[in-house]
Every structure is written in structure tokens, then in C-alpha cells.
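For reference, run_21.txt is printed below; it contains compact mmCIF, C-alpha atoms.
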# COMPACT_ATOMS: atom_id res chain seq x y z
CA MET A 259 -4.27 26.07 49.30
CA SER A 260 -5.58 25.78 45.74
CA ASP A 261 -9.32 25.33 45.22
CA GLN A 262 -8.85 21.87 43.74
CA ARG A 263 -6.66 20.78 46.67
CA ARG A 264 -9.19 22.12 49.18
CA SER A 265 -12.12 20.39 47.53
CA ILE A 266 -10.29 17.01 47.38
CA LYS A 267 -9.57 17.32 51.11
CA PHE A 268 -13.23 18.14 51.71
CA LEU A 269 -14.28 15.12 49.63
CA ILE A 270 -12.34 12.87 52.01
CA SER A 271 -13.67 14.43 55.21
CA ASN A 272 -17.18 14.21 53.82
CA SER A 273 -17.32 10.42 53.61
CA SER A 274 -20.76 10.34 51.98
CA SER A 275 -19.12 11.51 48.73
CA LEU A 276 -16.79 8.51 48.61
CA PRO A 277 -17.79 4.91 47.92
CA THR A 278 -19.74 3.87 51.02
CA LEU A 279 -17.51 2.91 53.89
CA PRO A 280 -18.64 -0.21 55.65
CA GLY A 281 -20.69 0.76 58.72
CA ILE A 282 -18.45 -1.68 60.51
CA LEU A 283 -15.77 1.04 60.83
CA THR A 284 -17.37 2.53 63.95
CA LYS A 285 -17.59 -0.88 65.60
CA ILE A 286 -13.96 -1.68 64.83
CA SER A 287 -12.79 1.71 66.11
CA ARG A 288 -14.78 1.17 69.30
CA LEU A 289 -13.12 -2.24 69.82
CA GLU A 290 -9.69 -0.72 69.20
CA ALA A 291 -10.36 1.88 71.89
CA GLN A 292 -11.20 -0.86 74.42
CA LYS A 293 -8.00 -2.30 75.82
CA ASP A 294 -9.49 -5.71 76.64
CA SER A 295 -10.81 -6.48 73.11
CA SER A 296 -9.76 -9.90 71.87
CA THR A 297 -9.18 -11.20 68.33
CA ASP A 298 -12.50 -13.03 68.66
CA ASP A 299 -14.30 -9.73 69.29
CA PHE A 300 -12.89 -8.30 66.05
CA ALA A 301 -13.72 -11.52 64.18
CA ARG A 302 -17.32 -11.40 65.40
CA VAL A 303 -17.78 -7.84 64.13
CA ILE A 304 -16.33 -8.59 60.68
CA ASN A 305 -18.24 -11.88 60.37
CA SER A 306 -21.51 -10.02 61.01
CA ASP A 307 -21.23 -8.86 57.37
CA GLN A 308 -20.72 -12.07 55.43
CA ILE A 309 -20.08 -10.46 52.05
CA LEU A 310 -17.42 -8.24 53.55
CA ALA A 311 -15.87 -11.20 55.42
CA ALA A 312 -15.70 -13.17 52.16
CA LYS A 313 -14.04 -10.24 50.37
CA VAL A 314 -11.45 -9.89 53.11
CA LEU A 315 -10.68 -13.64 53.01
CA ARG A 316 -10.32 -13.51 49.22
CA LEU A 317 -7.63 -10.84 49.61
CA VAL A 318 -5.93 -12.67 52.48
CA ASN A 319 -5.68 -15.74 50.24
CA SER A 320 -4.47 -13.76 47.24
CA PRO A 321 -1.00 -14.47 45.86
CA PHE A 322 0.65 -11.31 47.18
CA TYR A 323 0.57 -12.50 50.79
CA GLY A 324 1.92 -15.84 49.57
CA PHE A 325 0.55 -18.10 52.32
CA SER A 326 1.01 -21.72 51.38
CA ARG A 327 -2.07 -22.81 53.34
CA ARG A 328 -5.57 -21.51 52.73
CA VAL A 329 -6.78 -19.10 55.42
CA SER A 330 -10.43 -20.00 55.85
CA THR A 331 -11.63 -17.94 58.81
CA ILE A 332 -11.48 -14.29 59.82
CA SER A 333 -10.11 -15.36 63.23
CA ASN A 334 -7.13 -17.05 61.57
CA ALA A 335 -6.66 -14.08 59.24
CA LEU A 336 -6.54 -11.76 62.27
CA ILE A 337 -3.93 -13.96 63.96
CA LEU A 338 -1.78 -14.30 60.81
CA LEU A 339 -2.01 -10.74 59.51
CA GLY A 340 -2.90 -8.71 62.59
CA VAL A 341 -5.72 -6.27 63.29
CA ASN A 342 -4.06 -3.38 61.39
CA VAL A 343 -3.92 -5.28 58.11
CA ILE A 344 -7.43 -6.70 58.37
CA LYS A 345 -8.81 -3.30 59.36
CA SER A 346 -7.13 -1.73 56.30
CA LEU A 347 -8.60 -4.40 54.01
CA VAL A 348 -12.06 -3.86 55.51
CA LEU A 349 -11.85 -0.08 55.12
CA SER A 350 -10.52 -0.25 51.58
CA SER A 351 -12.94 -2.88 50.35
CA SER A 352 -15.29 -0.35 48.70
CA ILE A 353 -12.40 1.49 47.05
CA PHE A 354 -10.97 -1.84 45.79
CA GLU A 355 -14.38 -2.72 44.39
CA MET A 356 -14.44 0.55 42.51
CA MET A 357 -10.92 -0.13 41.14
CA GLU A 358 -12.00 -3.58 39.92
CA LYS A 359 -14.97 -2.09 38.09
CA SER A 360 -13.65 1.14 36.63
CA PHE A 361 -9.88 1.35 37.17
CA LEU A 362 -8.79 -2.20 36.40
CA GLY A 363 -5.29 -1.22 35.27
CA LEU A 364 -4.65 0.43 38.64
CA TRP A 365 -6.06 -2.59 40.48
CA GLU A 366 -3.66 -4.90 38.62
CA HIS A 367 -0.76 -2.52 39.27
CA SER A 368 -1.65 -2.44 43.00
CA LEU A 369 -1.93 -6.24 43.29
CA ALA A 370 1.40 -6.71 41.49
CA THR A 371 3.13 -4.04 43.61
CA ALA A 372 1.89 -5.80 46.76
CA ALA A 373 3.34 -9.08 45.44
CA ALA A 374 6.67 -7.39 44.64
CA ALA A 375 6.81 -5.77 48.10
CA ASN A 376 6.11 -9.16 49.67
CA VAL A 377 8.93 -10.78 47.67
CA ILE A 378 11.42 -8.00 48.55
CA ALA A 379 10.51 -7.92 52.25
CA THR A 380 10.74 -11.72 52.46
CA LYS A 381 14.13 -11.81 50.70
CA LEU A 382 15.51 -9.12 53.02
CA ASP A 383 14.06 -10.94 56.03
CA LEU A 384 12.23 -7.82 57.23
CA PRO A 385 9.73 -7.81 60.09
CA ASP A 386 6.03 -6.99 59.43
CA ILE A 387 6.03 -8.39 55.89
CA GLU A 388 2.22 -8.47 55.70
CA GLU A 389 1.94 -4.82 56.74
CA ILE A 390 4.47 -3.81 54.09
CA SER A 391 2.56 -5.80 51.43
CA THR A 392 -0.69 -4.13 52.53
CA ALA A 393 0.88 -0.66 52.36
CA ALA A 394 1.97 -1.54 48.79
CA LEU A 395 -1.57 -2.67 47.95
CA LEU A 396 -2.85 0.72 49.18
CA HIS A 397 -0.03 2.95 47.87
CA ASP A 398 -2.01 4.49 44.98
CA ILE A 399 -5.37 4.68 46.75
CA GLY A 400 -5.22 8.48 46.42
CA LYS A 401 -5.63 8.09 42.65
CA VAL A 402 -9.09 6.65 43.17
CA VAL A 403 -10.11 9.70 45.22
CA ILE A 404 -8.71 12.04 42.55
CA LYS A 405 -10.60 10.09 39.88
CA ILE A 406 -13.85 10.45 41.86
CA HIS A 407 -13.17 14.16 42.35
CA LEU A 408 -12.43 14.84 38.68
CA LYS A 409 -15.19 12.54 37.43
CA GLY A 410 -14.20 11.84 33.78
CA GLY A 411 -11.41 14.41 33.91
CA TYR A 412 -8.66 12.19 35.33
CA GLU A 413 -8.29 10.09 32.18
CA GLN A 414 -8.28 13.34 30.19
CA MET A 415 -5.51 14.73 32.39
CA LEU A 416 -3.44 11.55 31.94
CA GLU A 417 -3.67 11.81 28.17
CA ASP A 418 -1.56 14.98 28.31
CA GLY A 419 1.80 14.40 26.59
CA SER A 420 3.83 15.49 29.62
CA VAL A 421 2.42 12.59 31.69
CA GLN A 422 4.32 10.00 29.67
CA GLU A 423 7.44 12.13 30.01
CA PHE A 424 7.32 12.97 33.72
CA GLY A 425 4.66 10.66 35.17
CA ALA A 426 1.16 11.12 36.58
CA TYR A 427 2.54 12.38 39.91
CA GLU A 428 3.93 15.58 38.35
CA ALA A 429 0.85 16.06 36.18
CA GLU A 430 -1.42 15.81 39.22
CA HIS A 431 0.73 18.29 41.10
CA GLN A 432 0.62 20.84 38.30
CA ALA A 433 -3.11 20.49 37.70
CA LEU A 434 -4.39 20.11 41.25
CA GLY A 435 -1.79 21.55 43.62
CA THR A 436 -1.65 18.13 45.27
CA GLU A 437 -0.93 14.57 44.17
CA HIS A 438 -2.08 11.01 44.88
CA ALA A 439 0.47 10.32 47.64
CA GLU A 440 -0.73 13.30 49.70
CA VAL A 441 -4.37 12.48 48.94
CA GLY A 442 -3.71 8.86 50.00
CA GLN A 443 -2.21 10.19 53.23
CA TRP A 444 -5.37 12.26 53.94
CA LEU A 445 -7.52 9.20 53.36
CA ALA A 446 -5.31 7.02 55.59
CA GLU A 447 -5.45 9.69 58.33
CA ASN A 448 -9.19 9.90 57.97
CA TRP A 449 -9.38 6.14 58.48
CA TYR A 450 -6.95 6.25 61.44
CA LEU A 451 -4.62 3.78 59.74
CA PRO A 452 -1.40 3.24 61.71
CA GLU A 453 1.77 5.15 60.76
CA LYS A 454 3.35 1.92 59.50
CA LEU A 455 0.83 1.91 56.66
CA LEU A 456 0.34 5.64 56.35
CA GLU A 457 3.98 6.64 55.84
CA PRO A 458 4.70 4.34 52.86
CA ILE A 459 1.49 5.61 51.18
CA ALA A 460 2.41 9.25 51.85
CA CYS A 461 6.12 8.99 50.94
CA HIS A 462 6.32 6.38 48.17
CA HIS A 463 7.38 9.09 45.70
CA ASP A 464 9.80 10.73 48.17
CA VAL A 465 11.51 8.13 50.35
CA GLU A 466 13.77 10.80 51.91
CA LYS A 467 10.68 12.39 53.51
CA SER A 468 9.93 9.19 55.41
CA GLN A 469 11.10 9.30 59.04
CA GLU A 470 9.79 6.46 61.21
CA HIS A 471 9.14 3.76 58.62
CA ARG A 472 11.77 4.36 55.98
CA THR A 473 12.43 0.66 55.30
CA ALA A 474 8.76 -0.08 54.57
CA THR A 475 8.53 3.09 52.45
CA ALA A 476 11.67 2.13 50.52
CA VAL A 477 10.25 -1.35 49.83
CA VAL A 478 6.98 0.10 48.49
CA HIS A 479 8.89 2.63 46.34
CA TYR A 480 11.19 -0.13 45.01
CA ALA A 481 8.27 -2.51 44.35
CA ASP A 482 6.31 0.23 42.55
CA ALA A 483 9.31 0.93 40.26
CA LEU A 484 9.86 -2.80 39.51
CA ILE A 485 6.22 -3.27 38.52
CA LYS A 486 6.25 -0.17 36.33
CA ALA A 487 9.44 -1.48 34.75
CA ARG A 488 7.80 -4.86 34.12
CA GLY A 489 4.67 -3.16 32.75
CA VAL A 490 2.04 -5.00 34.79
CA GLY A 491 -1.31 -3.21 34.93
CA PHE A 492 -1.57 0.51 34.26
CA SER A 493 -1.37 3.06 37.04
CA GLY A 494 -1.91 6.11 34.84
CA ASP A 495 1.42 6.33 33.00
CA ASP A 496 4.19 4.15 31.58
CA PHE A 497 6.90 6.17 33.25
CA VAL A 498 9.57 4.07 34.99
CA PRO A 499 11.08 6.16 37.79
CA SER A 500 14.72 5.83 38.76
CA ILE A 501 14.78 4.13 42.16
CA GLN A 502 15.71 6.88 44.61
CA ILE A 503 19.13 6.91 46.27
CA ALA A 504 17.47 6.90 49.73
CA ALA A 505 15.71 3.61 48.85
CA ARG A 506 18.85 2.03 47.35
CA GLU A 507 20.84 2.93 50.47
CA GLU A 508 18.12 1.84 52.88
CA LEU A 509 17.61 -1.61 51.33
CA GLN A 510 21.18 -2.35 50.10
CA ILE A 511 19.95 -5.04 47.68
CA ASP A 512 22.98 -6.79 46.19
CA GLU A 513 23.31 -8.42 42.78
CA GLU A 514 22.43 -11.92 43.99
CA GLN A 515 19.39 -10.74 45.95
CA LEU A 516 18.16 -8.72 42.94
CA THR A 517 18.36 -11.81 40.70
CA GLU A 518 16.45 -13.89 43.26
CA ILE A 519 13.84 -11.16 43.81
CA ILE A 520 13.14 -10.78 40.08
CA ALA A 521 13.05 -14.57 39.50
CA GLU A 522 10.58 -15.02 42.39
CA LEU A 523 8.56 -12.01 41.21
CA GLU A 524 8.20 -13.44 37.68
CA ASP A 525 6.82 -16.60 39.25
CA ARG A 526 4.45 -14.75 41.57
CA LEU A 527 3.13 -12.47 38.79
CA VAL A 528 1.60 -15.48 37.02
CA ASP A 529 -0.52 -16.13 40.12
CA VAL A 530 -1.38 -12.42 40.38
CA ARG A 531 -2.64 -12.44 36.76
CA ASN A 532 -4.71 -15.56 37.40
CA PHE A 533 -6.13 -13.99 40.58
CA SER A 534 -7.09 -10.82 38.71
CA LEU A 535 -8.73 -12.87 35.91
CA ASP A 536 -10.68 -14.87 38.50
CA ILE A 537 -11.97 -11.67 40.08
CA GLN A 538 -13.04 -10.31 36.69
CA GLU A 539 -14.87 -13.54 35.84
CA ASN A 540 -16.68 -13.46 39.20
CA GLU A 541 -17.60 -9.80 38.63
CA GLN A 542 -19.05 -10.66 35.21
CA GLU A 543 -21.06 -13.55 36.69
CA ASP A 544 -22.37 -11.29 39.49
CA THR A 545 -23.36 -8.60 36.98
CA ALA A 546 -25.09 -11.17 34.76
CA GLN A 547 -26.99 -12.54 37.77
CA GLU A 548 -28.02 -9.05 38.91
CA SER A 549 -29.31 -8.10 35.45
CA SER A 550 -31.28 -11.36 35.09
CA GLN A 551 -33.09 -10.74 38.40
CA MET B 56 9.82 -22.86 32.51
CA GLN B 57 6.26 -21.60 32.23
CA LYS B 58 3.77 -21.35 35.05
CA ILE B 59 0.27 -22.05 33.75
CA PRO B 60 -3.19 -22.28 35.30
CA ILE B 61 -4.10 -25.95 35.91
CA THR B 62 -6.97 -25.59 33.41
CA LEU B 63 -4.36 -25.26 30.62
CA ALA B 64 -2.24 -28.25 31.72
CA GLU B 65 -2.13 -31.16 29.26
CA PRO B 66 -0.81 -34.74 29.24
CA ASP B 67 2.91 -35.11 28.34
CA MET B 68 3.88 -31.77 29.88
CA ILE B 69 6.91 -32.08 32.18
CA LEU B 70 6.87 -30.48 35.63
CA ALA B 71 9.60 -27.87 36.12
CA GLN B 72 8.90 -27.57 39.85
CA PRO B 73 7.51 -30.07 42.36
CA ILE B 74 3.84 -29.74 43.32
CA MET B 75 3.36 -29.58 47.08
CA GLN B 76 0.24 -30.62 48.97
CA PRO B 77 -1.80 -27.45 49.67
CA ASP B 78 -2.58 -28.55 53.22
CA LYS B 79 0.94 -29.84 53.95
CA PRO B 80 3.35 -27.52 52.12
CA ASP B 81 6.31 -28.83 54.10
CA GLY B 82 5.45 -32.50 53.53
CA LEU B 83 6.22 -34.79 50.61
CA PRO B 84 5.31 -33.39 47.17
CA ILE B 85 2.34 -34.82 45.24
CA PHE B 86 4.55 -34.92 42.12
CA GLY B 87 8.26 -34.26 41.87
CA LYS B 88 10.19 -32.12 39.41
CA GLY B 89 10.56 -33.88 36.04
CA ALA B 90 7.31 -35.88 36.37
CA GLU B 91 5.22 -36.19 33.20
CA LEU B 92 1.58 -35.13 33.52
CA THR B 93 -1.20 -37.49 32.48
CA ALA B 94 -4.95 -36.92 32.09
CA THR B 95 -5.50 -38.75 35.40
CA SER B 96 -2.85 -36.81 37.29
CA ILE B 97 -4.23 -33.47 36.02
CA GLU B 98 -7.72 -34.40 37.28
CA ARG B 99 -6.22 -35.42 40.62
CA LEU B 100 -4.44 -32.07 40.94
CA LYS B 101 -7.66 -30.19 40.14
CA LEU B 102 -9.50 -32.16 42.83
CA LYS B 103 -6.78 -31.28 45.34
CA GLY B 104 -7.36 -27.58 44.62
CA ILE B 105 -4.03 -26.94 42.86
CA GLN B 106 -4.40 -23.66 40.91
CA SER B 107 -1.27 -23.56 38.75
CA VAL B 108 1.72 -25.70 37.72
CA ALA B 109 5.21 -24.90 36.45
CA VAL B 110 6.11 -26.87 33.32
CA GLU B 111 9.28 -27.15 31.22
CA GLY B 112 9.71 -24.87 28.19
CA HIS B 113 6.92 -22.49 27.15
CA PRO B 114 4.30 -24.86 25.71
CA VAL B 115 1.18 -22.69 26.06
CA ILE B 116 0.38 -19.53 24.13
CA ILE B 117 -2.09 -17.70 26.30
CA GLU B 118 -4.48 -15.39 24.46
CA GLY B 119 -3.41 -11.78 24.78
CA GLU B 120 -0.01 -12.78 26.20
CA GLU B 121 2.92 -11.03 24.57
CA SER B 122 5.78 -13.00 22.98
CA LEU B 123 9.24 -12.87 24.57
CA ASP B 124 10.45 -10.45 21.88
CA GLU B 125 7.50 -8.15 22.42
CA ILE B 126 8.04 -8.11 26.19
CA LEU B 127 11.75 -7.32 25.86
CA ILE B 128 11.23 -4.57 23.26
CA MET B 129 8.56 -2.88 25.36
CA MET B 130 10.78 -3.06 28.45
CA GLU B 131 13.66 -1.44 26.56
CA GLN B 132 11.33 1.35 25.44
CA ARG B 133 10.22 1.98 29.02
CA PHE B 134 13.88 2.30 30.08
CA GLU B 135 14.93 4.62 27.23
CA HIS B 136 15.23 7.68 29.48
CA LEU B 137 17.33 5.70 31.99
CA HIS B 138 20.28 4.80 29.73
CA ASP B 139 22.76 6.77 31.86
CA ASP B 140 21.49 5.24 35.11
CA GLU B 141 23.71 2.22 35.80
CA TYR B 142 21.59 0.95 38.70
CA MET B 143 18.39 0.96 36.64
CA MET B 144 20.08 -0.56 33.57
CA ASN B 145 21.22 -3.43 35.79
CA ILE B 146 17.59 -3.95 36.82
CA LEU B 147 16.58 -4.03 33.14
CA GLU B 148 19.30 -6.60 32.34
CA THR B 149 18.24 -8.78 35.30
CA PHE B 150 14.61 -8.68 34.17
CA LYS B 151 15.61 -9.58 30.60
CA LYS B 152 17.66 -12.56 31.81
CA GLN B 153 14.94 -13.88 34.11
CA ILE B 154 12.08 -13.41 31.63
CA SER B 155 14.11 -15.14 28.88
CA HIS B 156 14.88 -17.96 31.32
CA ALA B 157 11.15 -18.31 32.10
CA PHE B 158 10.55 -18.68 28.34
CA GLY B 159 13.22 -21.41 28.21
CA VAL B 160 15.63 -19.19 26.23
CA ASP B 161 19.26 -18.44 27.18
CA TYR B 162 19.86 -14.70 27.34
CA GLU B 163 23.31 -13.45 26.37

Is it possible to give me this structure as C-alpha cells?
Amino acid sequence: MSDQRRSIKFLISNSSSLPTLPGILTKISRLEAQKDSSTDDFARVINSDQILAAKVLRLVNSPFYGFSRRVSTISNALILLGVNVIKSLVLSSSIFEMMEKSFLGLWEHSLATAAAANVIATKLDLPDIEEISTAALLHDIGKVVIKIHLKGGYEQMLEDGSVQEFGAYEAEHQALGTEHAEVGQWLAENWYLPEKLLEPIACHHDVEKSQEHRTATAVVHYADALIKARGVGFSGDDFVPSIQIAAREELQIDEEQLTEIIAELEDRLVDVRNFSLDIQENEQEDTAQESSQ
Amino acid sequence: MQKIPITLAEPDMILAQPIMQPDKPDGLPIFGKGAELTATSIERLKLKGIQSVAVEGHPVIIEGEESLDEILIMMEQRFEHLHDDEYMMNILETFKKQISHAFGVDYE
């Protein structure tokens, strides 16, 4: 194992080096271990941190889940989206916050990919649409860890000419002996995320590698490629990958479905842009308030 | 058709899609497709918590938003290395058609 690879793995296992994980993790894990825990028990734990609860609700009501009614309580969010999704949003909240502040292009790419995955999964009438959308939201989370590890060096690495030719994935592999999909997998394992979410994160650049959750992985891979093609946000490169044969065969999207998916996506992306602008405005207001205190 | 934040809606714009009630999405729409917006109706929509509306044509130039030509040229550039990939070129064509349609332009 290369030194860089080893130290990124260490960074993940040593959680104090990453943006602070909500202390709530232990409580949620404890509830998961108890067989008789109810949705209300989970809701109570999340509601004990009001800022966190508000952040989770903001994401639940974001355009990529596409609920037509506003979800106003954590209890309802748990019923609609399930414990796995809410737990993932809770665990990722600090990483998302970091993306909003210092990796905005990646945040916009992730939001848009989640919206695209939601549109595809809905059109294909797949089960577990919300879990697939959440996996898409998290698919590049490994890039944030790499950015933390390399400090200012990640942007420098991406400026290399070969990145625009072959993509950030290859550049990471050459420079670090690992890449963001594997790093995302380590993080998801460290957080005990379920396989349904872990596999699409780990295999979104290699759908063939996916075993148990190939459909979800194929959707995330497809959504990622559509968003890169459309040029929403910036995930580190402008490289549009060819959608892999394994994903094409798994999803079997025909001409008519493709037209409907892209038409619906165009519509949804307007809401995603507005959502991202709203978040940025709120951030600026919060920063202004903090500095005036 | 252009989807715009409600804050940019103006009187005389024509709705390209009906506006549903946020609390009763399956019920009767607040305004139907083809309705003309007025100052009063825009205020009413804001009060009801409507975030965005779809209007006919492409009446609003949003700051920083690329023109249709710019979007299509940039997309073609991103697909340059995929010219021999029929599946991906079909995706590009579908995007071009749908984006042109959203700008109210027929794409040939």
C-alpha cells in the first residue's frame, strides 16, 4: 500500500482529523442495535440537536427528493425516507457543510447528480428511490477526504493537463495509489452505512464491480455522467465519461424514456440551482451575523 | 418554456405549466396552464409559498446564466472525445433538443 493511500485510510479511522462528526452517531448506532427501537426514538435523538435537525429537514425538502408536500418534522422524514437515509444525512452533514463553504462546485455537482438519479429511478419505477438519490448525493464524498488530506494540493493536482483528458479519477489513482470512490467506500464503512448506499459510492466508476446493488450503482453512474455532460457544478474535471456498457445493459433506457428523463431533469435543475443559491445566501447571512457579534 | 424563481415573475407572463397547491398537489391547480400573471396573483403565489413558476418563452435573462448558443457550444466541446460513441452522441442530441425546447426554440 502506498504511503499516501495508507495515510488517507488512517485519516478516516482517526475521526478527529475529519470535520467533527455529530456526537449523535453513537446514540443512533445504539438505537440501531436495539431491536425494539421505534421511529420516535430515532426522531427524539435527532431532535435533541435542533441545528442538525433543521439541516436534515432542509435536505429532505430539497428538490432532488422531489416531494410535493413539505416535510416539516423529523418523524415524518424518517417515515418517508427511512432510517438509513436520515442516518446518512446526519452523518454527512459536517462534510456537506465543508463542501458548501470550500468546494461549492462539488456540492452543486452532488445535488444535481442526486436530482438526476431521482428522475431516472422514478422513470424506471425502481424501488428505494430515496436511497438511490442519497447514494448519488454521497457518491463523491471521498473527494472531500482527499482534499482534506492534501490540504491545498488537491486543486493543484486537478490543474494537471491530464485531468481534463482522462478525468480526476485517473489523476487521483496515479498520484495517490487510490481514488475517491475507494476513499468514499472507506468512509461509508467507517460510518456503517448499509451496502445499498455503500456499493454505489464504491463502484460508481466501475459498475461491473458492483454485485448486490448493481441497479442502484448503474443509476448513480448514469446520473453522474448526465450531470457532467450538462456541465452543472464542477466535480474536479470537465471530463464526460462514456456511460459504461454494464450500466446501459442494466438500465435498458429506451429512446422515449431518455427524452422524458432529460426533459424532467432540465426542469428539476432549475430548482436545484435555486436551492443552491438559497443555501449560499443563508451562509453569507450567517457569516455576516457571526462577524458582527 | 422557462422555469423562474417566483421573485423574478412579472405581470403579463403566461404560465407554461399549471401551479398546484403546495399542500394539495393532487387537488385543483391554483392557476391553470395559459393563465396570465398579474401583480395580485404573483403576491398571492408568494404568500402560498410557491418557489418557482414555468412561463412561456424565455423572458428572463438571469445574471450569469449562459445563452442557448453558449450552452450548446460548451456541451459539444465536452463531447468532442465521444464522437465515435453512438450512445453518447444520442444523449448529446437529446440534451440539445430539450434545452432548445426549454428556451422556446425548435431544434433541427

Which of these, A:Ile270, A:Ile501, A:Leu310, A:Val421, has the shortest distance to Leu137 in chain B once you count only C-alpha atoms?
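Using only C-alpha atoms, Leu137 in chain B sits closest to A:Ile501.
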
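Minimum atom-to-atom distance to Ser107 in chain B, evaluated using all atoms listed in the file, belongs to A:Pro321 out of A:Tyr480, A:Trp444, A:Pro321, A:Ile387.
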
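Our summary of the geometry notes that CA of Glu65 in chain B is positioned 22.9 Å from CA of Ile154 in chain B.
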
Set the distance at 8 Å and use all atoms listed in the file: which residues neighbour range 296-300 of chain A once local chain neighbours fewer than 5 positions away are removed? I'd like the list as a PyMOL selection string.
chain A and resi 286+289+333+336-337+341

Could you check the closest approach to chain A for each of B:Val108, B:Ile85, B:Leu70, B:Pro77 and tell me which residue wins, using all atoms listed in the file?
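The closest residue to chain A is B:Pro77.
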
In Å, with one decimal, what is the gap from CA of Leu362 in chain A to CA of Leu484 in chain A?
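About the pair CA of Leu362 in chain A and CA of Leu484 in chain A: they are 18.9 Å apart.
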
When you get a sec, could you note down which chain A residues fall within 8 Å of chain B, using all atoms listed in the file, as a list of chain:residue names?
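Those within range of chain B come out as A:Ser326, A:Arg327, A:Arg328, A:Ala487, A:Arg488, A:Gly489, A:Asp496, A:Phe497, A:Val498, A:Ser500, A:Ile501, A:Leu516, A:Thr517, A:Ile520, A:Ala521, A:Glu524, A:Asp525, A:Val528, A:Asp529, A:Asn532.
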
Distance query Pro452 in chain A at most 10 Å, all atoms listed in the file, self and fewer than 6 positions along chain excluded, as a ChimeraX atom specification:
/A:342-343,346,446
